[in-house]
Amino acid sequence: MNTDQLHWSEGCGWDRSADPGVADGAQLVLVFGGSGALRDQDRLDEVAEFYPHAEILGCSTSGEICGTRVSDESIVVTAVEFDYTSIRTAEMKLSESSDSRVAGRELAARLIDRSLVHVLVFSDGLVVNGSELTRGFVDALPPGVRVTGGLAGDGTDFQETLIVSGTGARPRKVIAVGLYGKRLRVGYGSLGGWDPFGPERLITRSRGNRLYELDGRSALGLYRKFLGEYADDLPASALLFPLSIRSTVDEPSVVRTVLSIDDDEGSMTFAGDLPEGSYARLMRANFERLIDGAHDAAFAALQSTES
């Protein structure tokens with residue numbers, strides 16, 4: 001497998017200082033960028049010119065990483081040329097979050113093949129329930145086929161996220177790519193770096209990925225109380241203050257980030273389910289630990305390819 005990586009920014013344009021080695025041979029191109037940058041059709045047309053034979057997909061973000069650099073409102077392109085792997089893509093439009101599980105099942109069904117090894121998914125980040133989407137893929141995919149990917153972002157705006165497919169970037173979509181070939185090895189890892197604070201509370205009222213009450217009190221009210229000066233910036237400030245969720249005291253926790261808030265009904269919508277009877281605890285960003293978590297996740301991904 002060979003890769004190229006390109007970076008575009010408003011002031012500098014495309015940084016193509018490295019000699020592109022896979023332009024004609026690239027089968028898969030991943031595009032990540034700020035929402036404003038991806039809305040410029042010229043940028044996506046240029047990517048298609050750079051890699052004329054590749055499937056192009058990706059999503060809008062809340063920050064882009066190129067090498068060891070992190071930037072905002074830029075575009076990062078990673079082109080991949082496989083030696084023994086083929087790919088196939090499937091996509092569909094989302095209307096409401098209640099469609100999430102159905103979307104996962106339907107997309108998985110379109111990709112199933114005897115040689116399918118892995119599925120990579122990118123989804124709109126505001127109208128989807130990530131837990132339900134994942135369940136849909138797991139329902140339909142054969143045993144042993146894993147799913148990785150993520151939800152699109154739009155910085156701190158929380159207005160509209162975009163999914164890149166071909167030379168277009170559109171909201172309310174989910175796209176999946178199947179990777180085929182028994183010689184393919186896929187590694188993945190996921191680790192965080194958050195500091196918990198405040199007491200652990202019982203989720204006493206929720207529906208799917210919508211949270212209403214913790215310990216019988218308004219979840220949104222408690223969130224505002226603990227965030228203090230950051231409360232006025234919700235939901236944008238919630239990027240720094242996700243929830244840690246676990247079903248029982250003995251189970252490992254998972255992270256749930258806020259997608260939106262509804263002051264009228266006092267609810268908060270998260271990227272995944274928050275079952276009633278589970279335990280929730282606020283977390284805050286620790287940037288040093290987040291960097292360490294990214295390092296450890298990359299190491300875990302590398303190790304899993306060797307097993």
# chains A, B, ... in the order shown; residues from 1 in each chain; ligands from 1
>>> select_by_dssp(residues="region 210-295 of chain A", states="strand (DSSP E or B)", output="ChimeraX atom specification")
/A:210-214,217-218,243-246,254-256,258-262,267-270,279-285
>>> residues_around(residues="Leu184 (chain A)", least_positions_apart="6", cutoff="12 Å", atoms="only C-alpha atoms", output="NGL selection string")
:A and (1 or 82-87 or 115-118 or 145 or 178 or 305-306)
>>> write_last_selection(atoms="C-alpha atoms", output="PDB file, in the first residue's frame")
ATOM      1  CA  MET A   1       0.000   0.000   0.000  1.00  0.00           C
ATOM      2  CA  PHE A  82      -3.630  -0.729  -2.720  1.00  0.00           C
ATOM      3  CA  ASP A  83      -1.688  -3.627  -4.170  1.00  0.00           C
ATOM      4  CA  TYR A  84      -4.222  -6.410  -3.589  1.00  0.00           C
ATOM      5  CA  THR A  85      -7.378  -4.681  -2.350  1.00  0.00           C
ATOM      6  CA  SER A  86     -10.485  -3.509  -4.174  1.00  0.00           C
ATOM      7  CA  ILE A  87     -13.145  -1.121  -2.884  1.00  0.00           C
ATOM      8  CA  SER A 115     -14.212 -11.152   0.081  1.00  0.00           C
ATOM      9  CA  LEU A 116     -15.385  -8.207   2.254  1.00  0.00           C
ATOM     10  CA  VAL A 117     -12.874  -7.554   5.049  1.00  0.00           C
ATOM     11  CA  HIS A 118     -13.726  -4.151   6.503  1.00  0.00           C
ATOM     12  CA  VAL A 145     -16.229  -7.892   9.320  1.00  0.00           C
ATOM     13  CA  GLY A 178     -16.179  -1.726   1.633  1.00  0.00           C
ATOM     14  CA  THR A 305      -2.503  -5.511  12.243  1.00  0.00           C
ATOM     15  CA  GLU A 306       0.213  -7.838  13.468  1.00  0.00           C
TER      16      GLU A 306
END
>>> residues_around(residues="Gly34 (chain A)", least_positions_apart="3", cutoff="6 Å", atoms="only C-alpha atoms", output="PyMOL selection string")
chain A and resi 37+60-61+73-74
>>> residues_around(residues="region 241-248 of chain A", least_positions_apart="5", cutoff="10 Å", atoms="only C-alpha atoms", output="PDB file with N, CA, C and O atoms, in the first residue's frame")
ATOM      1  N   TRP A 194      -9.641  12.366  28.659  1.00  0.00           N
ATOM      2  CA  TRP A 194     -10.515  13.286  29.379  1.00  0.00           C
ATOM      3  C   TRP A 194     -10.344  13.119  30.883  1.00  0.00           C
ATOM      4  O   TRP A 194     -10.081  12.030  31.372  1.00  0.00           O
ATOM      5  N   ASP A 195     -10.533  14.199  31.611  1.00  0.00           N
ATOM      6  CA  ASP A 195     -10.534  14.155  33.067  1.00  0.00           C
ATOM      7  C   ASP A 195     -11.963  14.202  33.577  1.00  0.00           C
ATOM      8  O   ASP A 195     -12.694  15.166  33.297  1.00  0.00           O
ATOM      9  N   PRO A 196     -12.422  13.189  34.329  1.00  0.00           N
ATOM     10  CA  PRO A 196     -13.766  13.238  34.895  1.00  0.00           C
ATOM     11  C   PRO A 196     -13.831  14.244  36.043  1.00  0.00           C
ATOM     12  O   PRO A 196     -12.841  14.475  36.734  1.00  0.00           O
ATOM     13  N   PHE A 197     -14.998  14.845  36.218  1.00  0.00           N
ATOM     14  CA  PHE A 197     -15.183  15.731  37.375  1.00  0.00           C
ATOM     15  C   PHE A 197     -16.643  15.714  37.787  1.00  0.00           C
ATOM     16  O   PHE A 197     -17.530  15.377  36.992  1.00  0.00           O
ATOM     17  N   GLU A 200     -20.798  11.018  39.832  1.00  0.00           N
ATOM     18  CA  GLU A 200     -21.447  10.153  38.851  1.00  0.00           C
ATOM     19  C   GLU A 200     -22.945  10.150  39.146  1.00  0.00           C
ATOM     20  O   GLU A 200     -23.360  10.047  40.305  1.00  0.00           O
ATOM     21  N   ARG A 201     -23.765  10.274  38.107  1.00  0.00           N
ATOM     22  CA  ARG A 201     -25.213  10.388  38.297  1.00  0.00           C
ATOM     23  C   ARG A 201     -25.942   9.328  37.490  1.00  0.00           C
ATOM     24  O   ARG A 201     -25.462   8.857  36.452  1.00  0.00           O
ATOM     25  N   LEU A 202     -27.129   8.990  37.967  1.00  0.00           N
ATOM     26  CA  LEU A 202     -27.964   7.992  37.314  1.00  0.00           C
ATOM     27  C   LEU A 202     -28.835   8.662  36.247  1.00  0.00           C
ATOM     28  O   LEU A 202     -29.451   9.697  36.499  1.00  0.00           O
ATOM     29  N   ILE A 203     -28.862   8.062  35.058  1.00  0.00           N
ATOM     30  CA  ILE A 203     -29.742   8.552  34.002  1.00  0.00           C
ATOM     31  C   ILE A 203     -31.151   8.075  34.310  1.00  0.00           C
ATOM     32  O   ILE A 203     -31.460   6.879  34.216  1.00  0.00           O
ATOM     33  N   TYR A 223     -26.026  20.447  33.588  1.00  0.00           N
ATOM     34  CA  TYR A 223     -24.916  20.722  32.673  1.00  0.00           C
ATOM     35  C   TYR A 223     -24.528  22.196  32.746  1.00  0.00           C
ATOM     36  O   TYR A 223     -23.350  22.547  32.861  1.00  0.00           O
ATOM     37  N   PHE A 226     -22.653  23.050  36.083  1.00  0.00           N
ATOM     38  CA  PHE A 226     -21.268  22.598  36.192  1.00  0.00           C
ATOM     39  C   PHE A 226     -20.349  23.273  35.178  1.00  0.00           C
ATOM     40  O   PHE A 226     -19.150  23.415  35.421  1.00  0.00           O
ATOM     41  N   LEU A 227     -20.887  23.717  34.049  1.00  0.00           N
ATOM     42  CA  LEU A 227     -20.041  24.375  33.055  1.00  0.00           C
ATOM     43  C   LEU A 227     -19.730  25.812  33.425  1.00  0.00           C
ATOM     44  O   LEU A 227     -18.759  26.391  32.913  1.00  0.00           O
ATOM     45  N   TYR A 230     -18.783  28.603  30.833  1.00  0.00           N
ATOM     46  CA  TYR A 230     -18.872  28.001  29.503  1.00  0.00           C
ATOM     47  C   TYR A 230     -20.313  27.725  29.087  1.00  0.00           C
ATOM     48  O   TYR A 230     -20.583  27.420  27.924  1.00  0.00           O
ATOM     49  N   PRO A 235     -24.291  24.886  22.293  1.00  0.00           N
ATOM     50  CA  PRO A 235     -23.645  23.589  22.468  1.00  0.00           C
ATOM     51  C   PRO A 235     -22.169  23.556  22.080  1.00  0.00           C
ATOM     52  O   PRO A 235     -21.514  22.540  22.238  1.00  0.00           O
ATOM     53  N   ALA A 236     -21.625  24.679  21.559  1.00  0.00           N
ATOM     54  CA  ALA A 236     -20.236  24.661  21.083  1.00  0.00           C
ATOM     55  C   ALA A 236     -19.266  24.286  22.196  1.00  0.00           C
ATOM     56  O   ALA A 236     -18.330  23.489  21.988  1.00  0.00           O
ATOM     57  N   SER A 253     -16.408   2.548  30.517  1.00  0.00           N
ATOM     58  CA  SER A 253     -17.253   3.649  30.060  1.00  0.00           C
ATOM     59  C   SER A 253     -17.014   3.952  28.586  1.00  0.00           C
ATOM     60  O   SER A 253     -15.977   3.596  28.021  1.00  0.00           O
ATOM     61  N   VAL A 254     -17.987   4.612  27.974  1.00  0.00           N
ATOM     62  CA  VAL A 254     -17.862   5.126  26.617  1.00  0.00           C
ATOM     63  C   VAL A 254     -18.116   6.630  26.660  1.00  0.00           C
ATOM     64  O   VAL A 254     -18.721   7.154  27.603  1.00  0.00           O
ATOM     65  N   VAL A 255     -17.652   7.336  25.630  1.00  0.00           N
ATOM     66  CA  VAL A 255     -17.778   8.790  25.581  1.00  0.00           C
ATOM     67  C   VAL A 255     -18.951   9.171  24.697  1.00  0.00           C
ATOM     68  O   VAL A 255     -19.117   8.642  23.599  1.00  0.00           O
ATOM     69  N   ARG A 256     -19.763  10.109  25.168  1.00  0.00           N
ATOM     70  CA  ARG A 256     -20.871  10.637  24.384  1.00  0.00           C
ATOM     71  C   ARG A 256     -20.719  12.155  24.285  1.00  0.00           C
ATOM     72  O   ARG A 256     -20.656  12.850  25.300  1.00  0.00           O
ATOM     73  N   THR A 257     -20.645  12.670  23.063  1.00  0.00           N
ATOM     74  CA  THR A 257     -20.512  14.113  22.853  1.00  0.00           C
ATOM     75  C   THR A 257     -21.864  14.731  22.504  1.00  0.00           C
ATOM     76  O   THR A 257     -22.731  14.086  21.922  1.00  0.00           O
ATOM     77  N   VAL A 258     -22.034  15.990  22.857  1.00  0.00           N
ATOM     78  CA  VAL A 258     -23.286  16.700  22.638  1.00  0.00           C
ATOM     79  C   VAL A 258     -23.409  17.137  21.174  1.00  0.00           C
ATOM     80  O   VAL A 258     -22.465  17.684  20.601  1.00  0.00           O
ATOM     81  N   PHE A 270     -27.223  13.644  22.081  1.00  0.00           N
ATOM     82  CA  PHE A 270     -25.839  13.194  22.018  1.00  0.00           C
ATOM     83  C   PHE A 270     -25.605  12.338  20.779  1.00  0.00           C
ATOM     84  O   PHE A 270     -26.546  11.940  20.087  1.00  0.00           O
ATOM     85  N   ASP A 273     -26.438   6.547  22.128  1.00  0.00           N
ATOM     86  CA  ASP A 273     -27.475   6.275  23.128  1.00  0.00           C
ATOM     87  C   ASP A 273     -27.005   6.557  24.553  1.00  0.00           C
ATOM     88  O   ASP A 273     -25.826   6.400  24.897  1.00  0.00           O
ATOM     89  N   LEU A 274     -27.986   6.933  25.405  1.00  0.00           N
ATOM     90  CA  LEU A 274     -27.782   7.106  26.843  1.00  0.00           C
ATOM     91  C   LEU A 274     -28.929   6.378  27.550  1.00  0.00           C
ATOM     92  O   LEU A 274     -29.920   6.985  27.942  1.00  0.00           O
ATOM     93  N   PRO A 275     -28.813   5.066  27.746  1.00  0.00           N
ATOM     94  CA  PRO A 275     -29.937   4.275  28.265  1.00  0.00           C
ATOM     95  C   PRO A 275     -30.301   4.664  29.701  1.00  0.00           C
ATOM     96  O   PRO A 275     -29.430   4.942  30.529  1.00  0.00           O
ATOM     97  N   GLU A 276     -31.591   4.676  29.979  1.00  0.00           N
ATOM     98  CA  GLU A 276     -32.035   4.874  31.352  1.00  0.00           C
ATOM     99  C   GLU A 276     -31.460   3.776  32.251  1.00  0.00           C
ATOM    100  O   GLU A 276     -31.383   2.618  31.850  1.00  0.00           O
ATOM    101  N   GLY A 277     -31.063   4.165  33.445  1.00  0.00           N
ATOM    102  CA  GLY A 277     -30.441   3.222  34.361  1.00  0.00           C
ATOM    103  C   GLY A 277     -28.933   3.170  34.259  1.00  0.00           C
ATOM    104  O   GLY A 277     -28.270   2.539  35.086  1.00  0.00           O
ATOM    105  N   SER A 278     -28.369   3.830  33.235  1.00  0.00           N
ATOM    106  CA  SER A 278     -26.916   3.923  33.108  1.00  0.00           C
ATOM    107  C   SER A 278     -26.379   5.045  33.993  1.00  0.00           C
ATOM    108  O   SER A 278     -27.132   5.857  34.520  1.00  0.00           O
ATOM    109  N   TYR A 279     -25.058   5.062  34.125  1.00  0.00           N
ATOM    110  CA  TYR A 279     -24.398   6.073  34.944  1.00  0.00           C
ATOM    111  C   TYR A 279     -23.663   7.060  34.045  1.00  0.00           C
ATOM    112  O   TYR A 279     -23.002   6.666  33.076  1.00  0.00           O
ATOM    113  N   ALA A 280     -23.777   8.342  34.379  1.00  0.00           N
ATOM    114  CA  ALA A 280     -23.158   9.393  33.576  1.00  0.00           C
ATOM    115  C   ALA A 280     -22.299  10.287  34.460  1.00  0.00           C
ATOM    116  O   ALA A 280     -22.650  10.574  35.613  1.00  0.00           O
ATOM    117  N   ARG A 281     -21.190  10.752  33.879  1.00  0.00           N
ATOM    118  CA  ARG A 281     -20.307  11.660  34.605  1.00  0.00           C
ATOM    119  C   ARG A 281     -19.699  12.650  33.624  1.00  0.00           C
ATOM    120  O   ARG A 281     -19.287  12.266  32.516  1.00  0.00           O
ATOM    121  N   LEU A 282     -19.667  13.908  34.000  1.00  0.00           N
ATOM    122  CA  LEU A 282     -19.073  14.928  33.144  1.00  0.00           C
ATOM    123  C   LEU A 282     -17.568  14.741  33.034  1.00  0.00           C
ATOM    124  O   LEU A 282     -16.902  14.288  33.975  1.00  0.00           O
ATOM    125  N   MET A 283     -17.038  15.121  31.858  1.00  0.00           N
ATOM    126  CA  MET A 283     -15.594  15.113  31.637  1.00  0.00           C
ATOM    127  C   MET A 283     -15.186  16.444  31.021  1.00  0.00           C
ATOM    128  O   MET A 283     -16.001  17.138  30.414  1.00  0.00           O
ATOM    129  N   ARG A 284     -13.917  16.787  31.164  1.00  0.00           N
ATOM    130  CA  ARG A 284     -13.400  17.993  30.532  1.00  0.00           C
ATOM    131  C   ARG A 284     -12.092  17.664  29.823  1.00  0.00           C
ATOM    132  O   ARG A 284     -11.377  16.727  30.189  1.00  0.00           O
ATOM    133  N   ALA A 285     -11.786  18.470  28.822  1.00  0.00           N
ATOM    134  CA  ALA A 285     -10.611  18.204  27.996  1.00  0.00           C
ATOM    135  C   ALA A 285      -9.326  18.421  28.773  1.00  0.00           C
ATOM    136  O   ALA A 285      -9.167  19.404  29.498  1.00  0.00           O
TER     137      ALA A 285
END
>>> residues_around(residues="Gly13 (chain A)", least_positions_apart="5", cutoff="10 Å", atoms="only C-alpha atoms", output="PyMOL selection string")
chain A and resi 7-8+43+74-75
>>> write_last_selection(atoms="all heavy atoms", output="PDB file, in the first residue's frame")
ATOM      1  N   HIS A   7      -2.268  19.111   1.563  1.00  0.00           N
ATOM      2  CA  HIS A   7      -2.914  20.069   2.448  1.00  0.00           C
ATOM      3  C   HIS A   7      -3.230  21.337   1.677  1.00  0.00           C
ATOM      4  O   HIS A   7      -2.415  21.827   0.905  1.00  0.00           O
ATOM      5  CB  HIS A   7      -2.004  20.399   3.639  1.00  0.00           C
ATOM      6  CG  HIS A   7      -2.600  21.350   4.620  1.00  0.00           C
ATOM      7  ND1 HIS A   7      -2.353  22.712   4.602  1.00  0.00           N
ATOM      8  CD2 HIS A   7      -3.448  21.139   5.660  1.00  0.00           C
ATOM      9  CE1 HIS A   7      -3.014  23.290   5.592  1.00  0.00           C
ATOM     10  NE2 HIS A   7      -3.690  22.367   6.247  1.00  0.00           N
ATOM     11  N   TRP A   8      -4.452  21.847   1.884  1.00  0.00           N
ATOM     12  CA  TRP A   8      -4.860  23.118   1.281  1.00  0.00           C
ATOM     13  C   TRP A   8      -5.262  24.085   2.367  1.00  0.00           C
ATOM     14  O   TRP A   8      -5.942  23.722   3.330  1.00  0.00           O
ATOM     15  CB  TRP A   8      -6.049  22.920   0.337  1.00  0.00           C
ATOM     16  CG  TRP A   8      -6.562  24.209  -0.258  1.00  0.00           C
ATOM     17  CD1 TRP A   8      -6.173  24.776  -1.433  1.00  0.00           C
ATOM     18  CD2 TRP A   8      -7.545  25.087   0.310  1.00  0.00           C
ATOM     19  NE1 TRP A   8      -6.838  25.957  -1.640  1.00  0.00           N
ATOM     20  CE2 TRP A   8      -7.690  26.177  -0.581  1.00  0.00           C
ATOM     21  CE3 TRP A   8      -8.291  25.067   1.481  1.00  0.00           C
ATOM     22  CZ2 TRP A   8      -8.574  27.228  -0.329  1.00  0.00           C
ATOM     23  CZ3 TRP A   8      -9.163  26.110   1.739  1.00  0.00           C
ATOM     24  CH2 TRP A   8      -9.299  27.178   0.831  1.00  0.00           C
ATOM     25  N   ARG A  43     -12.378  23.293  -5.066  1.00  0.00           N
ATOM     26  CA  ARG A  43     -11.427  22.476  -4.313  1.00  0.00           C
ATOM     27  C   ARG A  43     -11.653  20.988  -4.592  1.00  0.00           C
ATOM     28  O   ARG A  43     -10.690  20.232  -4.810  1.00  0.00           O
ATOM     29  CB  ARG A  43     -11.557  22.753  -2.808  1.00  0.00           C
ATOM     30  CG  ARG A  43     -11.322  24.189  -2.374  1.00  0.00           C
ATOM     31  CD  ARG A  43      -9.865  24.638  -2.544  1.00  0.00           C
ATOM     32  NE  ARG A  43      -9.565  25.015  -3.904  1.00  0.00           N
ATOM     33  CZ  ARG A  43      -9.935  26.179  -4.450  1.00  0.00           C
ATOM     34  NH1 ARG A  43     -10.638  27.059  -3.764  1.00  0.00           N
ATOM     35  NH2 ARG A  43      -9.589  26.471  -5.686  1.00  0.00           N
ATOM     36  N   SER A  74      -9.198  24.187   6.749  1.00  0.00           N
ATOM     37  CA  SER A  74      -8.308  23.775   5.670  1.00  0.00           C
ATOM     38  C   SER A  74      -8.870  22.482   5.084  1.00  0.00           C
ATOM     39  O   SER A  74      -9.962  22.043   5.452  1.00  0.00           O
ATOM     40  CB  SER A  74      -6.885  23.564   6.193  1.00  0.00           C
ATOM     41  OG  SER A  74      -6.830  22.476   7.109  1.00  0.00           O
ATOM     42  N   ILE A  75      -8.138  21.884   4.157  1.00  0.00           N
ATOM     43  CA  ILE A  75      -8.521  20.588   3.603  1.00  0.00           C
ATOM     44  C   ILE A  75      -7.301  19.677   3.631  1.00  0.00           C
ATOM     45  O   ILE A  75      -6.207  20.079   3.227  1.00  0.00           O
ATOM     46  CB  ILE A  75      -9.035  20.711   2.150  1.00  0.00           C
ATOM     47  CG1 ILE A  75     -10.283  21.584   2.081  1.00  0.00           C
ATOM     48  CG2 ILE A  75      -9.339  19.321   1.566  1.00  0.00           C
ATOM     49  CD1 ILE A  75     -10.770  21.847   0.666  1.00  0.00           C
TER      50      ILE A  75
END
>>> residues_around(residues="Leu44 (chain A)", least_positions_apart="3", cutoff="12 Å", atoms="only C-alpha atoms", output="VMD selection string")
chain A and resid 8 14 29 to 33 37 to 41 47 to 52 56 to 59 75 to 77 164 to 169
>>> write_last_selection(atoms="N, CA, C and O atoms", output="short mmCIF file (atom, residue, chain, number, x, y, z; two decimals), in the first residue's frame")
data_model
loop_
_atom_site.label_atom_id
_atom_site.label_comp_id
_atom_site.auth_asym_id
_atom_site.auth_seq_id
_atom_site.Cartn_x
_atom_site.Cartn_y
_atom_site.Cartn_z
N TRP A 8 -4.45 21.85 1.88
CA TRP A 8 -4.86 23.12 1.28
C TRP A 8 -5.26 24.09 2.37
O TRP A 8 -5.94 23.72 3.33
N TRP A 14 -2.73 24.71 -2.38
CA TRP A 14 -2.31 23.32 -2.19
C TRP A 14 -0.82 23.24 -1.94
O TRP A 14 -0.02 23.80 -2.69
N VAL A 29 -9.50 8.00 -2.01
CA VAL A 29 -9.03 9.31 -1.54
C VAL A 29 -9.95 9.77 -0.41
O VAL A 29 -11.16 9.87 -0.60
N LEU A 30 -9.36 10.04 0.74
CA LEU A 30 -10.10 10.51 1.90
C LEU A 30 -9.91 12.02 2.03
O LEU A 30 -8.77 12.50 2.05
N VAL A 31 -11.02 12.75 2.11
CA VAL A 31 -10.99 14.21 2.15
C VAL A 31 -11.63 14.68 3.45
O VAL A 31 -12.79 14.36 3.72
N PHE A 32 -10.87 15.43 4.24
CA PHE A 32 -11.39 16.01 5.49
C PHE A 32 -11.12 17.51 5.46
O PHE A 32 -10.02 17.94 5.11
N GLY A 33 -12.13 18.31 5.84
CA GLY A 33 -11.91 19.75 5.78
C GLY A 33 -12.97 20.53 6.54
O GLY A 33 -14.00 19.99 6.97
N ALA A 37 -14.54 25.43 3.56
CA ALA A 37 -13.60 25.03 2.51
C ALA A 37 -14.21 23.98 1.59
O ALA A 37 -14.03 24.01 0.37
N LEU A 38 -14.97 23.03 2.17
CA LEU A 38 -15.54 21.96 1.35
C LEU A 38 -16.70 22.44 0.49
O LEU A 38 -17.06 21.79 -0.49
N ARG A 39 -17.30 23.56 0.85
CA ARG A 39 -18.39 24.10 0.03
C ARG A 39 -17.88 24.75 -1.26
O ARG A 39 -18.67 25.05 -2.15
N ASP A 40 -16.59 24.97 -1.34
CA ASP A 40 -16.00 25.54 -2.55
C ASP A 40 -15.82 24.42 -3.57
O ASP A 40 -14.91 23.58 -3.45
N GLN A 41 -16.66 24.38 -4.58
CA GLN A 41 -16.66 23.29 -5.54
C GLN A 41 -15.31 23.16 -6.26
O GLN A 41 -14.89 22.06 -6.63
N VAL A 47 -9.24 18.08 -6.45
CA VAL A 47 -8.89 16.76 -5.91
C VAL A 47 -9.14 15.68 -6.95
O VAL A 47 -8.33 14.77 -7.14
N ALA A 48 -10.26 15.79 -7.64
CA ALA A 48 -10.58 14.81 -8.69
C ALA A 48 -9.57 14.85 -9.83
O ALA A 48 -9.27 13.81 -10.43
N GLU A 49 -9.03 16.02 -10.13
CA GLU A 49 -8.01 16.13 -11.16
C GLU A 49 -6.70 15.50 -10.69
O GLU A 49 -5.98 14.87 -11.48
N PHE A 50 -6.37 15.68 -9.42
CA PHE A 50 -5.14 15.08 -8.88
C PHE A 50 -5.19 13.55 -8.94
O PHE A 50 -4.18 12.90 -9.20
N TYR A 51 -6.39 12.99 -8.65
CA TYR A 51 -6.54 11.53 -8.53
C TYR A 51 -7.72 11.09 -9.39
O TYR A 51 -8.81 10.83 -8.90
N PRO A 52 -7.51 10.99 -10.70
CA PRO A 52 -8.63 10.82 -11.63
C PRO A 52 -9.33 9.47 -11.58
O PRO A 52 -10.45 9.34 -12.07
N ILE A 56 -13.63 9.10 -4.19
CA ILE A 56 -13.34 10.23 -3.29
C ILE A 56 -14.46 10.33 -2.26
O ILE A 56 -15.64 10.43 -2.61
N LEU A 57 -14.10 10.29 -0.98
CA LEU A 57 -15.10 10.43 0.07
C LEU A 57 -14.46 11.00 1.32
O LEU A 57 -13.23 11.04 1.46
N GLY A 58 -15.29 11.50 2.23
CA GLY A 58 -14.79 12.09 3.46
C GLY A 58 -15.88 12.91 4.12
O GLY A 58 -17.07 12.68 3.89
N CYS A 59 -15.49 13.90 4.92
CA CYS A 59 -16.50 14.68 5.64
C CYS A 59 -15.91 15.97 6.17
O CYS A 59 -14.68 16.16 6.20
N ILE A 75 -8.14 21.88 4.16
CA ILE A 75 -8.52 20.59 3.60
C ILE A 75 -7.30 19.68 3.63
O ILE A 75 -6.21 20.08 3.23
N VAL A 76 -7.50 18.46 4.12
CA VAL A 76 -6.44 17.45 4.12
C VAL A 76 -6.90 16.27 3.27
O VAL A 76 -8.01 15.75 3.47
N VAL A 77 -6.08 15.87 2.33
CA VAL A 77 -6.39 14.79 1.41
C VAL A 77 -5.38 13.67 1.60
O VAL A 77 -4.17 13.91 1.56
N VAL A 164 -18.58 14.16 1.96
CA VAL A 164 -17.97 14.25 0.64
C VAL A 164 -18.16 12.93 -0.11
O VAL A 164 -17.85 11.85 0.41
N SER A 165 -18.69 13.04 -1.31
CA SER A 165 -18.87 11.88 -2.17
C SER A 165 -18.58 12.32 -3.60
O SER A 165 -19.30 13.17 -4.15
N GLY A 166 -17.53 11.77 -4.19
CA GLY A 166 -17.14 12.20 -5.52
C GLY A 166 -16.70 13.65 -5.49
O GLY A 166 -15.84 14.04 -4.71
N THR A 167 -17.31 14.48 -6.31
CA THR A 167 -16.95 15.89 -6.34
C THR A 167 -18.02 16.76 -5.70
O THR A 167 -18.15 17.94 -6.02
N GLY A 168 -18.79 16.19 -4.77
CA GLY A 168 -19.81 16.97 -4.08
C GLY A 168 -19.71 16.81 -2.58
O GLY A 168 -19.23 15.79 -2.07
N ALA A 169 -20.14 17.84 -1.84
CA ALA A 169 -20.20 17.80 -0.38
C ALA A 169 -21.61 18.18 0.03
O ALA A 169 -22.04 19.31 -0.21
#
>>> residues_around(residues="His295 (chain A)", least_positions_apart="2", cutoff="12 Å", atoms="only C-alpha atoms", output="list in words")
Thr68, Gly189, Ser190, Leu191, Gly192, Gly193, Glu288, Arg289, Leu290, Ile291, Asp292, Gly293, Ala297, Ala298, Phe299, Ala300, Ala301 and Leu302 of chain A
>>> select_by_dssp(residues="region 30-210 of chain A", states="helix (DSSP H, G or I)", output="JSON, numbers by chain")
{"A": [35, 36, 37, 38, 41, 42, 43, 44, 45, 46, 47, 48, 49, 50, 97, 98, 99, 100, 101, 102, 103, 104, 105, 106, 107, 108, 109, 110, 111, 130, 131, 132, 133, 134, 135, 136, 137, 138, 139, 140]}
>>> write_last_selection(atoms="C-alpha atoms", output="short mmCIF file (atom, residue, chain, number, x, y, z; two decimals), in the first residue's frame")
data_model
loop_
_atom_site.label_atom_id
_atom_site.label_comp_id
_atom_site.auth_asym_id
_atom_site.auth_seq_id
_atom_site.Cartn_x
_atom_site.Cartn_y
_atom_site.Cartn_z
CA SER A 35 -17.29 23.15 6.14
CA GLY A 36 -16.55 26.45 4.41
CA ALA A 37 -13.60 25.03 2.51
CA LEU A 38 -15.54 21.96 1.35
CA GLN A 41 -16.66 23.29 -5.54
CA ASP A 42 -13.32 24.21 -7.12
CA ARG A 43 -11.43 22.48 -4.31
CA LEU A 44 -13.18 19.15 -4.82
CA ASP A 45 -12.82 19.42 -8.59
CA GLU A 46 -9.07 19.88 -8.08
CA VAL A 47 -8.89 16.76 -5.91
CA ALA A 48 -10.58 14.81 -8.69
CA GLU A 49 -8.01 16.13 -11.16
CA PHE A 50 -5.14 15.08 -8.88
CA SER A 97 -32.19 10.14 13.40
CA SER A 98 -34.84 7.39 13.64
CA ASP A 99 -33.61 6.18 10.23
CA SER A 100 -30.09 5.49 11.55
CA ARG A 101 -30.36 1.73 12.13
CA VAL A 102 -32.18 1.18 8.85
CA ALA A 103 -29.47 3.15 7.06
CA GLY A 104 -26.77 0.96 8.55
CA ARG A 105 -28.52 -2.24 7.49
CA GLU A 106 -29.21 -1.06 3.95
CA LEU A 107 -25.69 0.19 3.36
CA ALA A 108 -24.17 -3.00 4.74
CA ALA A 109 -26.40 -5.10 2.47
CA ARG A 110 -25.10 -3.25 -0.58
CA LEU A 111 -21.49 -4.01 0.36
CA GLY A 130 -24.33 6.86 16.03
CA SER A 131 -25.27 3.91 18.26
CA GLU A 132 -28.21 2.97 16.05
CA LEU A 133 -26.19 3.40 12.85
CA THR A 134 -23.54 1.05 14.21
CA ARG A 135 -26.16 -1.50 15.26
CA GLY A 136 -27.56 -1.48 11.74
CA PHE A 137 -24.19 -2.39 10.26
CA VAL A 138 -23.59 -5.07 12.88
CA ASP A 139 -27.06 -6.53 12.19
CA ALA A 140 -26.30 -7.08 8.53
#
>>> atom_distance(atom1="CA of Glu81 (chain A)", atom2="CA of Thr3 (chain A)")
6.2 Å
>>> closest_residue(among="A:Leu211, A:Lys225, A:Gly153, A:Asp124", to="Gly198 (chain A)", atoms="only C-alpha atoms")
A:Lys225
>>> closest_residue(among="A:Glu213, A:Asp250, A:Asp15, A:Glu10", to="Cys66 (chain A)", atoms="only C-alpha atoms")
A:Asp15
>>> atom_distance(atom1="CA of Leu259 (chain A)", atom2="CA of Gly125 (chain A)")
7.6 Å
